[in-house]
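K.L.:
Just passing along the structure, written as structure tokens.
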Amino acid sequence: MEATKIIPVQKPQTASSKTGNKLIKKTFPVLEMSCAACAVSVESMLKATPGVRDSGVNYANQSAWVEFDPAAVTPETLRQTVQSIGYDLVIEDEAEARQQQEASQQRRYVTLKRQTIGASVLAGLVVLLGMVVMPFFRVDHHVLNWTMLFLTAPVVFGFGRQFFINAYKQASHGRANMDTLVALSTGIAFLFSTFNTIYPEFWTRQGLEAHVYFEAAAVVIAFILLGKFLEERAKSNTGSAIKKLIGLQPKTVRVLIDGQEQDVPAAQVSVGQTIVVRPGERIPVDGRVLSGQSFVDESMISGEPIAVSKQTGDRVFAGTVNQKGSFHFSAEQVGSQTVLAQIIRRVQEAQGSKAPIQQLVDRIAGVFVPVVLGIAVLTLGAWIVLGGENAFSQGLLAAVTVLVIACPCALGLATPTAIMVGVGKGAENNILIKDAESLERGREVTAIVLDKTGTITEGKPNVTDWFWTIEPAQQVTYKSVLLSMEAQSEHPLAEAVVRALASEAVERVPLGVFESLTGQGITATYSGSRFWVGNQTVVDQRKLTIPSSLSDQVSQWQSDAKTVIYFLNEIQVLAALAIADRIKETSRQAIAQLQEQRIKVYMLTGDNAYTAQAVSRKVGIMHVQADVLPAGKADFVKKLQASGEVVAMVGDGINDAQALAQADLSIAMGRGSDIAIDVAQLTLITSDLMAVPRALQLSRRTVQTIRQNLFWAFIYNLIGIPIAAGILYPTFGFLLNPMIAGAAMALSSVSVVTNSLRLRSVKL
């Protein structure tokens with residue numbers, strides 16, 4: 001169950017507004033829903049409950065979110081409301097709710113399997129008697145009819161009793177769903193056949209044969225149960241992404257209490273406790289290293305395959321895997337506050353949300369069953385008026401077939417199953433999708449605006465190039481001097497030099513006098529010699545000559561908008577190094593893919609035009625805006641929108657938040673600021689820009705799958721219902737058998753889910 005969200009009351013007319021109460025929004029698992037119309041019924045009942053402001057139900061992931069005033073209505077009241085129409089709401093805490101839902105799904109799966117096997121065996125016997133023995137063997141038909149009655153009754157009222165119970169509960173509230181259709185169709189067929197078995201003289205006196213349709217009633221129940229069983233098994237696969245994410249959370253935690261290690265349940269860990277992590281274990285909560293060091297695989301958070309070194313003071317995250325070494329860390333975020341828990345919650349929210357196209361489908365599903373009931377009555381009436389010798393019997397059969405074939409399951413599963421699989425596929429590819437609308441919107445993007453720093457580039461200065469004027473053997477000592485000098489410098493670029501030399505395992509040496517030179521650099525002494533690190537001015541002040549080979553290299557670096565730093569002693573320039581915000585390795589490839597998708601790519605940056613042009617040349621962007629302030633970024637997005645473009649904005653900083661909010665689709669880099677991630681509709685849990693074209697490709701494939709599903713669901717009903725009503729009978733003498741209709745109905749639902757599951761194998 002989702003963590004509670006506090007939402008200010010917006011409607012002044014509500015009681016909660018008058019009392020100053022806050023509305024809260026919670027997500028609850030829903031049990032026992034069997035079709036899309038069930039979801040519509042639950043949603044409408046929740047919305048009609050006093051104190052509820054809004055609600056939504058997702059059939060595919062069996063959940064409901066409710067926004068309500070806790071002063072006016074309690075979760076227990078919501079549960080009773082849902083129970084009154086035959087369903088149930090799990091209102092316990094998150095872990096218990098998940099366990100209850102999983103247990104309920106498992107029970108439902110086992111029950112459906114048992115019912116399907118039992119119904120299929122008995123239905124098979126009824127078909128054998130009715131369609132093989134009766135036509136081809138000399139057997140007393142009256143005895144055979146009684147035998148089929150006793151075989152069919154357990155199928156209809158035993159294995160299929162749930163349809164009648166649920167139909168009654170719906171009818172008591174003036175509602176109808178798929179269970180209503182199944183109960184009416186099989187119930188009418190069984191009762192009509194039972195009447196003809198007990199009192200066949202009613203028909204024989206009129207010169208007509210007393211037909212029975214026990215095989216139709218039995219096989220329809222068997223096929224519908226088979227369809228539900230296959231659907232339940234297929235639907236369990238659509239939530240595999242959530243199950244994988246939840247599986248990353250350790251069940252127990254090793255806590256240091258009074259100097260002793262104790263294993264406690266993860267749910268009982270509190271902020272400030274010291275956690276012990278050993279090699280190969282998953283980190284249970286978010287925190288900061290207190291002692292020890294190790295390498296941690298953070299690929300599930302960052303998408304980067306290389307393990308990250310962890311030392312005292314470094315942050316660690318729940319779900320990541322400790323590789324080498326042991327360490328102690330202090331818990332800072334636990335339970336629902338960890339990064340992993342927030343990722344799980346965001347995926348759950350997205351899977352439970354509805355795409356705009358689903359809202360239309362929900363409205364159709366809400367009126368579908370009453371319309372089908374009306375068509376069935378009209379079908380029977382038309383046969384009685386226009387039919388021939390066996391008009392009533394054939395009309396009743398046609399009406400039953402209409403009720404059977406018009407199951408709205410395929411229609412209800414078309415959108416949510418595709419959304420669930422699409423969101424799960426995104427999570428597996430480091431793409432967190434906030435809601436279904438965002439996923440659907442991605443395919444419409446025609447222009448994409450990229451921030452430079454942290455999006456196209458790595459977002460921090462790095463040493464990109466070295467040029468030494470001395471022999472390699474001499475460099476070892478001088479590198480130690482350079483590292484020791486830069487380690488004492490407060491200049492922002494010094495950190496890049498320290499990072500580069502530290503990666504080479506260069507050791508520091510003790511320096512003499514250290515001094516900062518304003519506007520030039522720094523100077524220090526070592527072993528009686530003086531050294532300088534700084535810009536061109538430092539070289540000019542010493543009146544040293546720069547070798548022509550180095551001068552040429554420096555000119556090239558400067559043309560690439562790199563900052564050049566010199567390292568020299570009293571005699572000569574020892575080295576020069578170039579520092580720049582390095583372009584990510586995959587940025588050029590990602591931008592090329594976006595352009596291949598016919599998306600216009602723009603780069604906005606607050607950096608100067610010289611640097612912006614240099615970066616744009618390297619990554620292949622034609623449209624560049626430099627020296628742009630945060631408000632200017634949002635204005636640029638507005639300008640593109642005014643020209644008819646559907647704009648996606650990709651950024652990672654607070655300065656991007658305004659533009660992200662303005663864009664039609666906002667995408668935040670996962671290592672960016674919290675505010676950028678909060679505003680964004682898609683969050684990339686990686687620094688790899690390739691995730692952007694993958695996200696847009698996922699949007700296109702998901703919407704394509706939804707359209708395929710809806711096409712087949714609508715076509716199935718548009719073609720199937722008229723044929724079931726007997727439209728082909730006057731011309732071709734063909735009347736659809738209810739058994740065939742039941743099989744087609746079951747297969748339609750399974751085909752929609754199977755088509756959605758194809759998304760899992762799509763290569764992004």
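Chain identifiers are assigned as A, B, and so on, following the order in which chains appear in the structure tokens; residues are numbered from 1 within each chain, and ligands are numbered from 1 in order of appearance.
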Can you pull out every residue within 9 Å of stretch 659-666 of chain A, counting only C-alpha atoms, but drop anything in the same chain fewer than 6 positions away, and send it as an MDAnalysis selection string?
P.N.:
chainID A and resid 438 441:442 445 630:638 641 646:651 676 679:683
K.L.:
Just want the 9 Å neighbourhood of A:Phe192, counted on only C-alpha atoms, with same-chain residues fewer than 6 positions away dropped. Output as a ChimeraX atom specification.
P.N.:
/A:211-213,396
K.L.:
Can you work out the spacing between atom CA of A:Ser559 and atom CA of A:Val497 in Å, to one decimal?
P.N.:
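Separating atom CA of A:Ser559 from atom CA of A:Val497 is a distance of 20.9 Å.
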K.L.:
I'd like the neighbourhood of A:Leu397 as a list of chain:residue names, where a residue qualifies if any of its atoms comes within 10 Å (using only C-alpha atoms), though same-chain residues fewer than 5 positions away should be ignored.
P.N.:
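My reading of the contact set: A:Ser185, A:Ile188, A:Ala189, A:Phe192, A:Tyr213, A:Ala216, A:Thr379, A:Leu380, A:Ala391, A:Phe392, A:Val402, A:Ala724, A:Ala725, A:Gly726, A:Leu735, A:Leu736, A:Asn737, A:Pro738.
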K.L.:
Would you list the contacts of A:Leu604 as a list of chain:residue names, taking every protein, DNA or RNA residue within 7 Å and counting only C-alpha atoms, but skipping same-chain residues closer than 4 positions in sequence?
P.N.:
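Those residues are A:Val449, A:Leu450, A:Asp451, A:Lys452, A:Val624, A:Gln625, A:Ala626, A:Val628, A:Lys633.
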K.L.:
Include all heavy atoms and write out the residues we just selected as a PDB file, in the first residue's frame.
P.N.:
ATOM      1  N   VAL A 449      14.588  19.714 -25.780  1.00  0.00           N
ATOM      2  CA  VAL A 449      15.527  20.726 -25.308  1.00  0.00           C
ATOM      3  C   VAL A 449      16.421  20.084 -24.253  1.00  0.00           C
ATOM      4  O   VAL A 449      15.929  19.539 -23.259  1.00  0.00           O
ATOM      5  CB  VAL A 449      14.786  21.939 -24.710  1.00  0.00           C
ATOM      6  CG1 VAL A 449      15.783  22.942 -24.151  1.00  0.00           C
ATOM      7  CG2 VAL A 449      13.902  22.588 -25.760  1.00  0.00           C
ATOM      8  N   LEU A 450      17.737  20.147 -24.483  1.00  0.00           N
ATOM      9  CA  LEU A 450      18.697  19.541 -23.567  1.00  0.00           C
ATOM     10  C   LEU A 450      19.484  20.621 -22.833  1.00  0.00           C
ATOM     11  O   LEU A 450      20.004  21.544 -23.459  1.00  0.00           O
ATOM     12  CB  LEU A 450      19.678  18.647 -24.324  1.00  0.00           C
ATOM     13  CG  LEU A 450      19.095  17.524 -25.180  1.00  0.00           C
ATOM     14  CD1 LEU A 450      20.204  16.823 -25.944  1.00  0.00           C
ATOM     15  CD2 LEU A 450      18.326  16.526 -24.323  1.00  0.00           C
ATOM     16  N   ASP A 451      19.558  20.500 -21.525  1.00  0.00           N
ATOM     17  CA  ASP A 451      20.486  21.323 -20.763  1.00  0.00           C
ATOM     18  C   ASP A 451      21.891  20.784 -21.038  1.00  0.00           C
ATOM     19  O   ASP A 451      22.070  19.601 -21.333  1.00  0.00           O
ATOM     20  CB  ASP A 451      20.148  21.219 -19.275  1.00  0.00           C
ATOM     21  CG  ASP A 451      21.161  21.948 -18.406  1.00  0.00           C
ATOM     22  OD1 ASP A 451      21.422  23.119 -18.685  1.00  0.00           O
ATOM     23  OD2 ASP A 451      21.694  21.313 -17.479  1.00  0.00           O
ATOM     24  N   LYS A 452      22.915  21.648 -20.970  1.00  0.00           N
ATOM     25  CA  LYS A 452      24.276  21.178 -21.271  1.00  0.00           C
ATOM     26  C   LYS A 452      24.926  20.511 -20.061  1.00  0.00           C
ATOM     27  O   LYS A 452      25.238  19.330 -20.094  1.00  0.00           O
ATOM     28  CB  LYS A 452      25.158  22.347 -21.735  1.00  0.00           C
ATOM     29  CG  LYS A 452      26.612  21.923 -22.020  1.00  0.00           C
ATOM     30  CD  LYS A 452      27.478  23.091 -22.442  1.00  0.00           C
ATOM     31  CE  LYS A 452      27.838  24.008 -21.286  1.00  0.00           C
ATOM     32  NZ  LYS A 452      28.807  23.369 -20.338  1.00  0.00           N
ATOM     33  N   VAL A 624      21.532  25.979 -30.870  1.00  0.00           N
ATOM     34  CA  VAL A 624      22.166  26.240 -29.575  1.00  0.00           C
ATOM     35  C   VAL A 624      21.770  27.619 -29.056  1.00  0.00           C
ATOM     36  O   VAL A 624      21.707  28.584 -29.816  1.00  0.00           O
ATOM     37  CB  VAL A 624      23.703  26.175 -29.694  1.00  0.00           C
ATOM     38  CG1 VAL A 624      24.348  26.378 -28.325  1.00  0.00           C
ATOM     39  CG2 VAL A 624      24.147  24.861 -30.306  1.00  0.00           C
ATOM     40  N   GLN A 625      21.511  27.709 -27.741  1.00  0.00           N
ATOM     41  CA  GLN A 625      21.267  28.986 -27.071  1.00  0.00           C
ATOM     42  C   GLN A 625      22.208  29.057 -25.870  1.00  0.00           C
ATOM     43  O   GLN A 625      22.162  28.199 -24.985  1.00  0.00           O
ATOM     44  CB  GLN A 625      19.814  29.084 -26.594  1.00  0.00           C
ATOM     45  CG  GLN A 625      18.786  29.109 -27.718  1.00  0.00           C
ATOM     46  CD  GLN A 625      18.681  30.485 -28.358  1.00  0.00           C
ATOM     47  OE1 GLN A 625      18.802  31.492 -27.683  1.00  0.00           O
ATOM     48  NE2 GLN A 625      18.455  30.509 -29.662  1.00  0.00           N
ATOM     49  N   ALA A 626      23.077  30.078 -25.833  1.00  0.00           N
ATOM     50  CA  ALA A 626      24.033  30.233 -24.727  1.00  0.00           C
ATOM     51  C   ALA A 626      23.646  31.416 -23.842  1.00  0.00           C
ATOM     52  O   ALA A 626      22.765  32.215 -24.189  1.00  0.00           O
ATOM     53  CB  ALA A 626      25.431  30.434 -25.288  1.00  0.00           C
ATOM     54  N   VAL A 628      21.907  31.573 -21.190  1.00  0.00           N
ATOM     55  CA  VAL A 628      20.463  31.557 -20.917  1.00  0.00           C
ATOM     56  C   VAL A 628      20.227  31.438 -19.412  1.00  0.00           C
ATOM     57  O   VAL A 628      20.743  30.523 -18.763  1.00  0.00           O
ATOM     58  CB  VAL A 628      19.773  30.385 -21.648  1.00  0.00           C
ATOM     59  CG1 VAL A 628      18.269  30.420 -21.401  1.00  0.00           C
ATOM     60  CG2 VAL A 628      20.068  30.433 -23.136  1.00  0.00           C
ATOM     61  N   LYS A 633      15.107  29.830 -20.143  1.00  0.00           N
ATOM     62  CA  LYS A 633      14.891  28.457 -20.603  1.00  0.00           C
ATOM     63  C   LYS A 633      13.396  28.169 -20.739  1.00  0.00           C
ATOM     64  O   LYS A 633      12.951  27.572 -21.726  1.00  0.00           O
ATOM     65  CB  LYS A 633      15.539  27.461 -19.633  1.00  0.00           C
ATOM     66  CG  LYS A 633      17.058  27.508 -19.623  1.00  0.00           C
ATOM     67  CD  LYS A 633      17.641  26.444 -18.701  1.00  0.00           C
ATOM     68  CE  LYS A 633      19.168  26.486 -18.729  1.00  0.00           C
ATOM     69  NZ  LYS A 633      19.784  25.450 -17.886  1.00  0.00           N
TER      70      LYS A 633
END
K.L.:
Restricting the calculation to only C-alpha atoms, which member of A:Leu764, A:Ile91, A:Leu759, A:Leu728 is positioned closest to A:Thr74?
P.N.:
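Counting only C-alpha atoms, the residue closest to A:Thr74 is A:Ile91.
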